[in-house]
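Peer 1: A single structure is presented below for examination.
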Amino acid sequence: MSRKQQHTPVLVVGAGLAGLSTALFLAWHEVPALVVERHRGMSPHPRARGINPRAMELMRSVGLEEEVRATESARALAGNSGVYAAQSLAGHQLGALHEQYFMDVRTDLSGLTPTGWCLCHQDEFEPVIRRRAEELGSRFRYGTELVSFRQEEGEHGITAELRDRDTGETSVVTADYLVAADGPGSPIRTRLGIGVEGPGTTGHFLNIHFEADLTEQLGERRFIMCYTFNDAVRGALMPLDNERRWLLHVGFDPGAEDPESFTEERCRDLVRAAAGVPDLDVKVIGAMPWEAAGRWAASFGSGRVFVIGDAAHVMPPSGAFGSNTGVQDAHNLAWKLAAVLSGQAGPGLLDSYDAERRPVGAATVEQAVLRSKDRPRLADKEPAPSNPAIHADTEIWFGGQYRSGAVVAPGGDGAPEGVWNPLPGGRPGTRAPHVVLERAGRPVSAIDLFTKNLVLLAGADAQAWAGAGRASARLLGVTLDVLRFGEDGLTDPDGSWNAAYGVGPRGAVLVRPDGVVAWRSAGPHPQAAEAFAGVLAHVLAR
């Protein structure tokens with residue numbers, strides 16, 4: 001039994017969507033990560049499949065949008081939309097989700113984003129991310145578990161012991177930082193003594209993955225999900241290819257029965273009841289139990305260890321927020337780790353991860369729980385109004401606002417209290433708005449300008465701010481892209497940028513690599529160079 005030792009800037013434990021995304025975004029910022037995963041390979045189960053528009057923006061930022069949309073499931077489900085309720089697939093339709101908060105995949109979002117929804121099964125999405133992460137330098141070790149870790153002061157603050165589950169061989173890895181993407185139970189979070197908050201368990205379910213010919217019962221419908229309500233089963237049917245492959249979610253009481261009681265024959269009977277076809281020929285591929293819950297970690301980090309994804313928050317699938325929120329955690333954390341590791345930012349920048357992502361994570365959990373409680377109304381003949389506390393999907397995707405040291409929010413900004421801002425309008429701490437610009441004669445979304453570096457975007461008459469940005473970047477040794485309208489072929493043909501970002505022609509905005517506005521000035525400043533150097537130092541905790 002040997003104890004080989006190696007060093008990695010960032011050790012990621014867990015290779016689900018959050019861990020994979022962390023490795024991808026770190027490598028995009030030229031920080032190769034080592035990812036260890038206790039399972040011996042990637043999960044073949046379809047699991048989550050709704051990649052929301054904000055997560056697709058992040059995939060677009062690293063050049064993966066088209067590859068994700070080219071996956072088999074994404075192509076098969078490109079025309080699917082709608083959430084329905086019915087007695088069974090073959091039976092009477094009871095209702096449909098038409099609430100104002102619900103933004104179906106066919107909702108026109110062109111005024112908000114350059115991309116949109118993608119329905120791609122997780123077992124196809126994850127390999128796309130992994131391949132790109134490996135191309136950029138991150139490494140993966142499957143069948144490898146974290147035995148122990150300790151934090152120490154010094155150059156390399158994490159020492160971790162790993163074990164190969166096949167050979168029993170152990171190795172020691174040192175790292176500057178550790179990212180816990182190790183799932184809802186998160187042994188790492190537990191070892192750190194970080195508790196959880198929130199309403200807790202909301203239900204227990206079984207995912208039945210099956211094959212059956214339901215083309216006759218499906219007909220011309222192409223829905224995302226169909227809830228079924230009858231005496232034999234209350235569940236949810238989801239087409240995986242609109243032909244033979246399906247998922248059925250069914251609830252069960254773990255106090256009265258365990259998942260092993262769901263034999264193949266029982267699963268087939270449940271599928272037949274949901275389909276409304278008593279003699280349906282069903283092939284059960286697999287069944288996976290899972291818990292629906294609403295929880296978030298009391299802290300998203302401790303020292304040099306950070307928790308993300310399901311380790312940081314779990315939520316019901318209603319709204320498809322869970323894995324997408326984990327991808328956004330990874331995106332927020334990765335650029336900050338890269339900035340600190342490169343010396344461009346001070347370690348204090350990392351404090352903003354918890355300050356920003358924990359309130360958003362908790363509020364998103366609450367929204368998912370509210371949506372899950374709202375779904376049973378679909379079966380009512382005359383459903384009551386939805387809970388007014390439910391925010392619109394677009395607010396959850398695009399309207400989160402951060403309050404931390406990594407943004408400079410001016411006084412009297414008019415931002416609402418809390419997490420959600422329905423009209424962010426380019427305010428510091430919110431996602432930079434999408435507007436269609438032109439660069440070198442070609443249309444480009446403003447979103448596409450913010451992919452890797454800090455960006456100072458200056459108005460057509462803001463030469464002073466552009467000069468201040470270049471001087472400050474040289475002074476502080478910071479990589480900063482300075483873009484001014486009228487230079488380098490960048491134009492605003494519709495004249496929409498000023499209003500969208502809340503600045504005038506002599507104003508400017510500083511946008512972080514994660515596409516969040518860090519600072520803005522509506523107009524000029526008498527000491528622009530000195531003022532902007534202070535802004536840059538503040539945002540980067542210098």
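Please note that chains go A, B, ... in the order of the structure tokens, that every chain numbers its residues from 1, and that ligands are numbered from 1 in the order shown.
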Could the residues of stretch 160-216 of chain A that have an atom at most 10 Å from stretch 228-240 of chain A be listed as a tab-separated table, each with its closest atom pair and the distance in Å to one decimal, counting only C-alpha atoms and ordered by chain and ascending residue number?
Peer 2:
```
residue	atom	partner	partner_atom	distance
A:Phe205	CA	A:Gly235	CA	9.1
A:Leu206	CA	A:Gly235	CA	9.5
A:Asn207	CA	A:Ala236	CA	9.5
A:Ile208	CA	A:Leu237	CA	9.6
A:His209	CA	A:Leu240	CA	9.5
A:Phe210	CA	A:Leu240	CA	9.8
A:Glu211	CA	A:Leu240	CA	9.7
A:Leu214	CA	A:Pro239	CA	9.6
```
Peer 1: Counting only C-alpha atoms, which residues of stretch 197-286 of chain A fall within 8 Å of stretch 83-101 of chain A, and what is the closest atom pair for each with its distance in Å at one decimal, ordered by chain and rising number, as a tab-separated table?
Peer 2:
```
residue	atom	partner	partner_atom	distance
A:Gln217	CA	A:Ala90	CA	5.0
A:Leu218	CA	A:Leu89	CA	6.8
A:Phe223	CA	A:Val83	CA	6.3
A:Ile224	CA	A:Val83	CA	5.8
A:Met225	CA	A:Val83	CA	5.0
A:Cys226	CA	A:Tyr84	CA	4.6
A:Tyr227	CA	A:Ala85	CA	4.5
A:Thr228	CA	A:Ala86	CA	5.1
A:Phe229	CA	A:Gln87	CA	4.8
A:Asn230	CA	A:Gln87	CA	5.4
A:Ala273	CA	A:Ser88	CA	7.1
A:Ala274	CA	A:Ser88	CA	5.0
A:Ala275	CA	A:Leu89	CA	4.7
A:Gly276	CA	A:Ser88	CA	5.1
A:Val277	CA	A:Ala90	CA	7.3
```
Peer 1: Output N, CA, C and O atoms for every residue in the selection just made, as a PDB file, in the first residue's frame.
Peer 2:
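And here's again-v7.pdb as it stands now:
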```pdb
ATOM      1  N   GLN A 217     -50.982   6.272 -27.356  1.00  0.00           N
ATOM      2  CA  GLN A 217     -51.526   7.037 -26.234  1.00  0.00           C
ATOM      3  C   GLN A 217     -50.993   8.472 -26.214  1.00  0.00           C
ATOM      4  O   GLN A 217     -51.699   9.412 -25.823  1.00  0.00           O
ATOM      5  N   LEU A 218     -49.760   8.647 -26.642  1.00  0.00           N
ATOM      6  CA  LEU A 218     -49.160   9.984 -26.664  1.00  0.00           C
ATOM      7  C   LEU A 218     -49.763  10.825 -27.786  1.00  0.00           C
ATOM      8  O   LEU A 218     -50.015  12.019 -27.621  1.00  0.00           O
ATOM      9  N   PHE A 223     -45.261  16.878 -24.608  1.00  0.00           N
ATOM     10  CA  PHE A 223     -45.195  17.618 -23.356  1.00  0.00           C
ATOM     11  C   PHE A 223     -43.868  17.368 -22.636  1.00  0.00           C
ATOM     12  O   PHE A 223     -43.107  16.452 -22.978  1.00  0.00           O
ATOM     13  N   ILE A 224     -43.609  18.181 -21.625  1.00  0.00           N
ATOM     14  CA  ILE A 224     -42.446  17.981 -20.769  1.00  0.00           C
ATOM     15  C   ILE A 224     -42.766  16.957 -19.694  1.00  0.00           C
ATOM     16  O   ILE A 224     -41.970  16.071 -19.398  1.00  0.00           O
ATOM     17  N   MET A 225     -43.964  17.087 -19.119  1.00  0.00           N
ATOM     18  CA  MET A 225     -44.358  16.200 -18.026  1.00  0.00           C
ATOM     19  C   MET A 225     -45.869  16.100 -17.991  1.00  0.00           C
ATOM     20  O   MET A 225     -46.574  17.058 -18.286  1.00  0.00           O
ATOM     21  N   CYS A 226     -46.346  14.915 -17.631  1.00  0.00           N
ATOM     22  CA  CYS A 226     -47.773  14.709 -17.444  1.00  0.00           C
ATOM     23  C   CYS A 226     -47.993  14.053 -16.084  1.00  0.00           C
ATOM     24  O   CYS A 226     -47.583  12.901 -15.869  1.00  0.00           O
ATOM     25  N   TYR A 227     -48.600  14.797 -15.159  1.00  0.00           N
ATOM     26  CA  TYR A 227     -48.953  14.230 -13.859  1.00  0.00           C
ATOM     27  C   TYR A 227     -50.155  13.309 -14.042  1.00  0.00           C
ATOM     28  O   TYR A 227     -51.106  13.647 -14.779  1.00  0.00           O
ATOM     29  N   THR A 228     -50.125  12.158 -13.385  1.00  0.00           N
ATOM     30  CA  THR A 228     -51.228  11.210 -13.496  1.00  0.00           C
ATOM     31  C   THR A 228     -51.895  11.042 -12.136  1.00  0.00           C
ATOM     32  O   THR A 228     -51.220  10.880 -11.116  1.00  0.00           O
ATOM     33  N   PHE A 229     -53.210  11.088 -12.135  1.00  0.00           N
ATOM     34  CA  PHE A 229     -53.999  10.985 -10.905  1.00  0.00           C
ATOM     35  C   PHE A 229     -55.077   9.926 -11.111  1.00  0.00           C
ATOM     36  O   PHE A 229     -56.054  10.162 -11.825  1.00  0.00           O
ATOM     37  N   ASN A 230     -54.887   8.748 -10.511  1.00  0.00           N
ATOM     38  CA  ASN A 230     -55.939   7.730 -10.528  1.00  0.00           C
ATOM     39  C   ASN A 230     -55.786   6.864  -9.277  1.00  0.00           C
ATOM     40  O   ASN A 230     -54.875   7.075  -8.469  1.00  0.00           O
ATOM     41  N   ALA A 273     -50.639   1.528 -15.059  1.00  0.00           N
ATOM     42  CA  ALA A 273     -51.683   2.378 -14.493  1.00  0.00           C
ATOM     43  C   ALA A 273     -51.507   3.830 -14.932  1.00  0.00           C
ATOM     44  O   ALA A 273     -52.479   4.524 -15.244  1.00  0.00           O
ATOM     45  N   ALA A 274     -50.261   4.304 -14.950  1.00  0.00           N
ATOM     46  CA  ALA A 274     -49.999   5.683 -15.378  1.00  0.00           C
ATOM     47  C   ALA A 274     -50.282   5.849 -16.861  1.00  0.00           C
ATOM     48  O   ALA A 274     -50.761   6.909 -17.305  1.00  0.00           O
ATOM     49  N   ALA A 275     -49.995   4.815 -17.639  1.00  0.00           N
ATOM     50  CA  ALA A 275     -50.245   4.877 -19.087  1.00  0.00           C
ATOM     51  C   ALA A 275     -51.719   4.694 -19.416  1.00  0.00           C
ATOM     52  O   ALA A 275     -52.188   5.164 -20.459  1.00  0.00           O
ATOM     53  N   GLY A 276     -52.444   4.010 -18.532  1.00  0.00           N
ATOM     54  CA  GLY A 276     -53.842   3.713 -18.821  1.00  0.00           C
ATOM     55  C   GLY A 276     -54.002   2.554 -19.789  1.00  0.00           C
ATOM     56  O   GLY A 276     -55.011   2.463 -20.494  1.00  0.00           O
ATOM     57  N   VAL A 277     -53.016   1.650 -19.815  1.00  0.00           N
ATOM     58  CA  VAL A 277     -53.038   0.490 -20.724  1.00  0.00           C
ATOM     59  C   VAL A 277     -52.757  -0.761 -19.884  1.00  0.00           C
ATOM     60  O   VAL A 277     -51.589  -1.069 -19.575  1.00  0.00           O
TER      61      VAL A 277
END
```
Peer 1: So that I can check the surroundings of A:Ala70, please list as an NGL selection string every protein, DNA and RNA residue that reaches within 12 Å of it, counting only C-alpha atoms and ignoring chain neighbours fewer than 4 positions away.
Peer 2: :A and (64-66 or 74-78 or 118-121 or 124-125 or 128)
Peer 1: From a backbone DSSP assignment, name each residue in stretch 83-267 of chain A labelled alpha helix (DSSP H), as a compact mmCIF listing (two decimals) with N, CA, C and O atoms, in the first residue's frame.
Peer 2:
```txt
# COMPACT_ATOMS: atom_id res chain seq x y z
N GLN A 122 -29.42 14.23 -18.08
CA GLN A 122 -28.18 14.43 -17.34
C GLN A 122 -27.10 13.43 -17.76
O GLN A 122 -25.91 13.75 -17.76
N ASP A 123 -27.49 12.21 -18.14
CA ASP A 123 -26.49 11.22 -18.52
C ASP A 123 -25.85 11.55 -19.87
O ASP A 123 -24.82 10.96 -20.22
N GLU A 124 -26.42 12.49 -20.62
CA GLU A 124 -25.79 12.98 -21.85
C GLU A 124 -25.11 14.32 -21.64
O GLU A 124 -24.09 14.62 -22.27
N PHE A 125 -25.64 15.12 -20.73
CA PHE A 125 -25.09 16.44 -20.43
C PHE A 125 -23.73 16.31 -19.72
O PHE A 125 -22.77 17.00 -20.07
N GLU A 126 -23.66 15.42 -18.76
CA GLU A 126 -22.43 15.30 -17.96
C GLU A 126 -21.20 14.93 -18.81
O GLU A 126 -20.13 15.53 -18.64
N PRO A 127 -21.30 13.97 -19.75
CA PRO A 127 -20.12 13.67 -20.57
C PRO A 127 -19.64 14.84 -21.41
O PRO A 127 -18.44 14.99 -21.65
N VAL A 128 -20.57 15.69 -21.87
CA VAL A 128 -20.18 16.87 -22.64
C VAL A 128 -19.32 17.79 -21.77
O VAL A 128 -18.26 18.29 -22.21
N ILE A 129 -19.75 18.02 -20.55
CA ILE A 129 -18.98 18.88 -19.64
C ILE A 129 -17.63 18.26 -19.33
O ILE A 129 -16.60 18.94 -19.34
N ARG A 130 -17.63 16.96 -19.04
CA ARG A 130 -16.38 16.30 -18.67
C ARG A 130 -15.35 16.38 -19.81
O ARG A 130 -14.18 16.68 -19.57
N ARG A 131 -15.80 16.10 -21.04
CA ARG A 131 -14.87 16.14 -22.18
C ARG A 131 -14.22 17.52 -22.30
O ARG A 131 -13.01 17.64 -22.51
N ARG A 132 -15.03 18.55 -22.18
CA ARG A 132 -14.51 19.91 -22.32
C ARG A 132 -13.57 20.24 -21.17
O ARG A 132 -12.52 20.87 -21.38
N ALA A 133 -13.91 19.82 -19.96
CA ALA A 133 -13.04 20.07 -18.81
C ALA A 133 -11.70 19.38 -18.99
O ALA A 133 -10.63 19.96 -18.67
N GLU A 134 -11.72 18.15 -19.49
CA GLU A 134 -10.47 17.43 -19.71
C GLU A 134 -9.64 18.08 -20.82
O GLU A 134 -8.41 18.16 -20.72
N GLU A 135 -10.31 18.53 -21.88
CA GLU A 135 -9.59 19.23 -22.95
C GLU A 135 -8.85 20.45 -22.42
O GLU A 135 -7.75 20.78 -22.89
N PRO A 187 -20.51 14.26 3.26
CA PRO A 187 -19.63 13.96 4.38
C PRO A 187 -18.66 15.10 4.70
O PRO A 187 -18.32 15.32 5.87
N ILE A 188 -18.23 15.82 3.67
CA ILE A 188 -17.29 16.93 3.93
C ILE A 188 -17.98 18.03 4.72
O ILE A 188 -17.44 18.53 5.72
N ARG A 189 -19.19 18.39 4.31
CA ARG A 189 -19.93 19.42 5.05
C ARG A 189 -20.16 18.98 6.50
O ARG A 189 -20.04 19.78 7.43
N THR A 190 -20.47 17.70 6.67
CA THR A 190 -20.70 17.17 8.01
C THR A 190 -19.44 17.25 8.86
O THR A 190 -19.48 17.65 10.03
N ARG A 191 -18.29 16.87 8.27
CA ARG A 191 -17.02 16.93 9.01
C ARG A 191 -16.67 18.35 9.41
O ARG A 191 -16.02 18.58 10.43
N THR A 215 -46.78 5.32 -28.30
CA THR A 215 -47.01 6.29 -29.37
C THR A 215 -48.50 6.53 -29.61
O THR A 215 -48.92 7.66 -29.88
N GLU A 216 -49.31 5.49 -29.49
CA GLU A 216 -50.76 5.65 -29.70
C GLU A 216 -51.36 6.53 -28.61
O GLU A 216 -52.16 7.42 -28.87
N GLN A 217 -50.98 6.27 -27.36
CA GLN A 217 -51.53 7.04 -26.23
C GLN A 217 -50.99 8.47 -26.21
O GLN A 217 -51.70 9.41 -25.82
N LEU A 218 -49.76 8.65 -26.64
CA LEU A 218 -49.16 9.98 -26.66
C LEU A 218 -49.76 10.83 -27.79
O LEU A 218 -50.02 12.02 -27.62
N GLU A 264 -39.75 -5.57 -10.13
CA GLU A 264 -39.98 -5.28 -11.55
C GLU A 264 -41.45 -5.39 -11.89
O GLU A 264 -42.00 -4.56 -12.63
N GLU A 265 -42.11 -6.39 -11.37
CA GLU A 265 -43.53 -6.58 -11.68
C GLU A 265 -44.37 -5.44 -11.13
O GLU A 265 -45.29 -4.94 -11.80
N ARG A 266 -44.05 -5.00 -9.90
CA ARG A 266 -44.80 -3.89 -9.34
C ARG A 266 -44.56 -2.60 -10.14
O ARG A 266 -45.48 -1.82 -10.38
N CYS A 267 -43.31 -2.39 -10.55
CA CYS A 267 -43.01 -1.22 -11.38
C CYS A 267 -43.77 -1.27 -12.70
O CYS A 267 -44.29 -0.24 -13.17
```
Peer 1: Sorted by chain and rising residue number, which residues of stretch 288-334 of chain A lie within 12 Å of stretch 492-516 of chain A, and what are their closest atom pairs and distances in Å to one decimal, counting only C-alpha atoms, as a tab-separated table?
Peer 2:
```
residue	atom	partner	partner_atom	distance
A:Val327	CA	A:Asp514	CA	11.7
A:Gln328	CA	A:Asp514	CA	9.0
A:Asp329	CA	A:Asp514	CA	10.4
A:Ala330	CA	A:Asp514	CA	10.1
A:His331	CA	A:Asp514	CA	6.5
A:Asn332	CA	A:Asp514	CA	6.1
A:Leu333	CA	A:Asp514	CA	9.1
A:Ala334	CA	A:Asp514	CA	9.0
```
Peer 1: At most 7 Å is the cut-off: for each residue in stretch 94-197 of chain A with any atom that close to an atom of stretch 430-447 of chain A, write down the nearest atom pair and the distance in Å rounded to one decimal, counting only C-alpha atoms, chain first then increasing number, as a tab-separated table.
Peer 2:
```
residue	atom	partner	partner_atom	distance
A:Leu112	CA	A:His434	CA	5.6
A:Thr113	CA	A:His434	CA	5.5
A:Pro114	CA	A:Ser445	CA	6.3
```
Peer 1: To one decimal place in Å, what is the distance between atom CA of A:Arg375 and atom CA of A:Gly185?
Peer 2: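 So the two atoms, atom CA of A:Arg375 and atom CA of A:Gly185, lie 26.8 Å apart.
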Peer 1: So what do you get for atom CA of A:Thr170 versus atom CA of A:Glu37, distance-wise?
Peer 2: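 Distance between the two atoms: 14.3 Å.
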Peer 1: So what do you get for atom CA of A:Asp488 versus atom CA of A:Ala531, distance-wise?
Peer 2: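 Separation between atom CA of A:Asp488 and atom CA of A:Ala531: 25.0 Å.
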Peer 1: Could you pull out all residues of stretch 323-527 of chain A with a DSSP call of strand (DSSP E or B) and give them as a VMD selection string?
Peer 2: chain A and resid 400 to 401 420 430 to 431 436 to 439 442 to 445 454 to 458 480 to 484 490 to 491 508 to 511 516 to 521
Peer 1: Pick the closest to A:Leu248 from A:Ala287, A:Val31, A:Met103, A:Val407: which is it, counting only C-alpha atoms?
Peer 2: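 Ranking A:Ala287, A:Val31, A:Met103, A:Val407 by distance to A:Leu248, first place goes to A:Ala287.
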Peer 1: I'd like the contact shell of A:Leu423 - 10 Å cut-off, only C-alpha atoms, skipping same-chain residues fewer than 3 positions apart - returned as an MDAnalysis selection string.
Peer 2: chainID A and resid 395 398:399 415:416 420 426:427 430
Peer 1: Keeping only C-alpha atoms, write the selected residues as a PDB file, in the first residue's frame.
Peer 2:
```pdb
ATOM      1  CA  GLU A 395     -36.789  36.347 -11.883  1.00  0.00           C
ATOM      2  CA  PHE A 398     -32.036  36.328 -14.221  1.00  0.00           C
ATOM      3  CA  GLY A 399     -33.177  38.438 -11.262  1.00  0.00           C
ATOM      4  CA  ALA A 415     -32.962  47.940  -5.495  1.00  0.00           C
ATOM      5  CA  PRO A 416     -35.675  46.014  -3.612  1.00  0.00           C
ATOM      6  CA  TRP A 420     -35.142  38.783  -6.245  1.00  0.00           C
ATOM      7  CA  GLY A 426     -27.883  46.867 -14.808  1.00  0.00           C
ATOM      8  CA  ARG A 427     -27.672  47.531 -11.063  1.00  0.00           C
ATOM      9  CA  THR A 430     -27.228  41.754 -10.747  1.00  0.00           C
TER      10      THR A 430
END
```
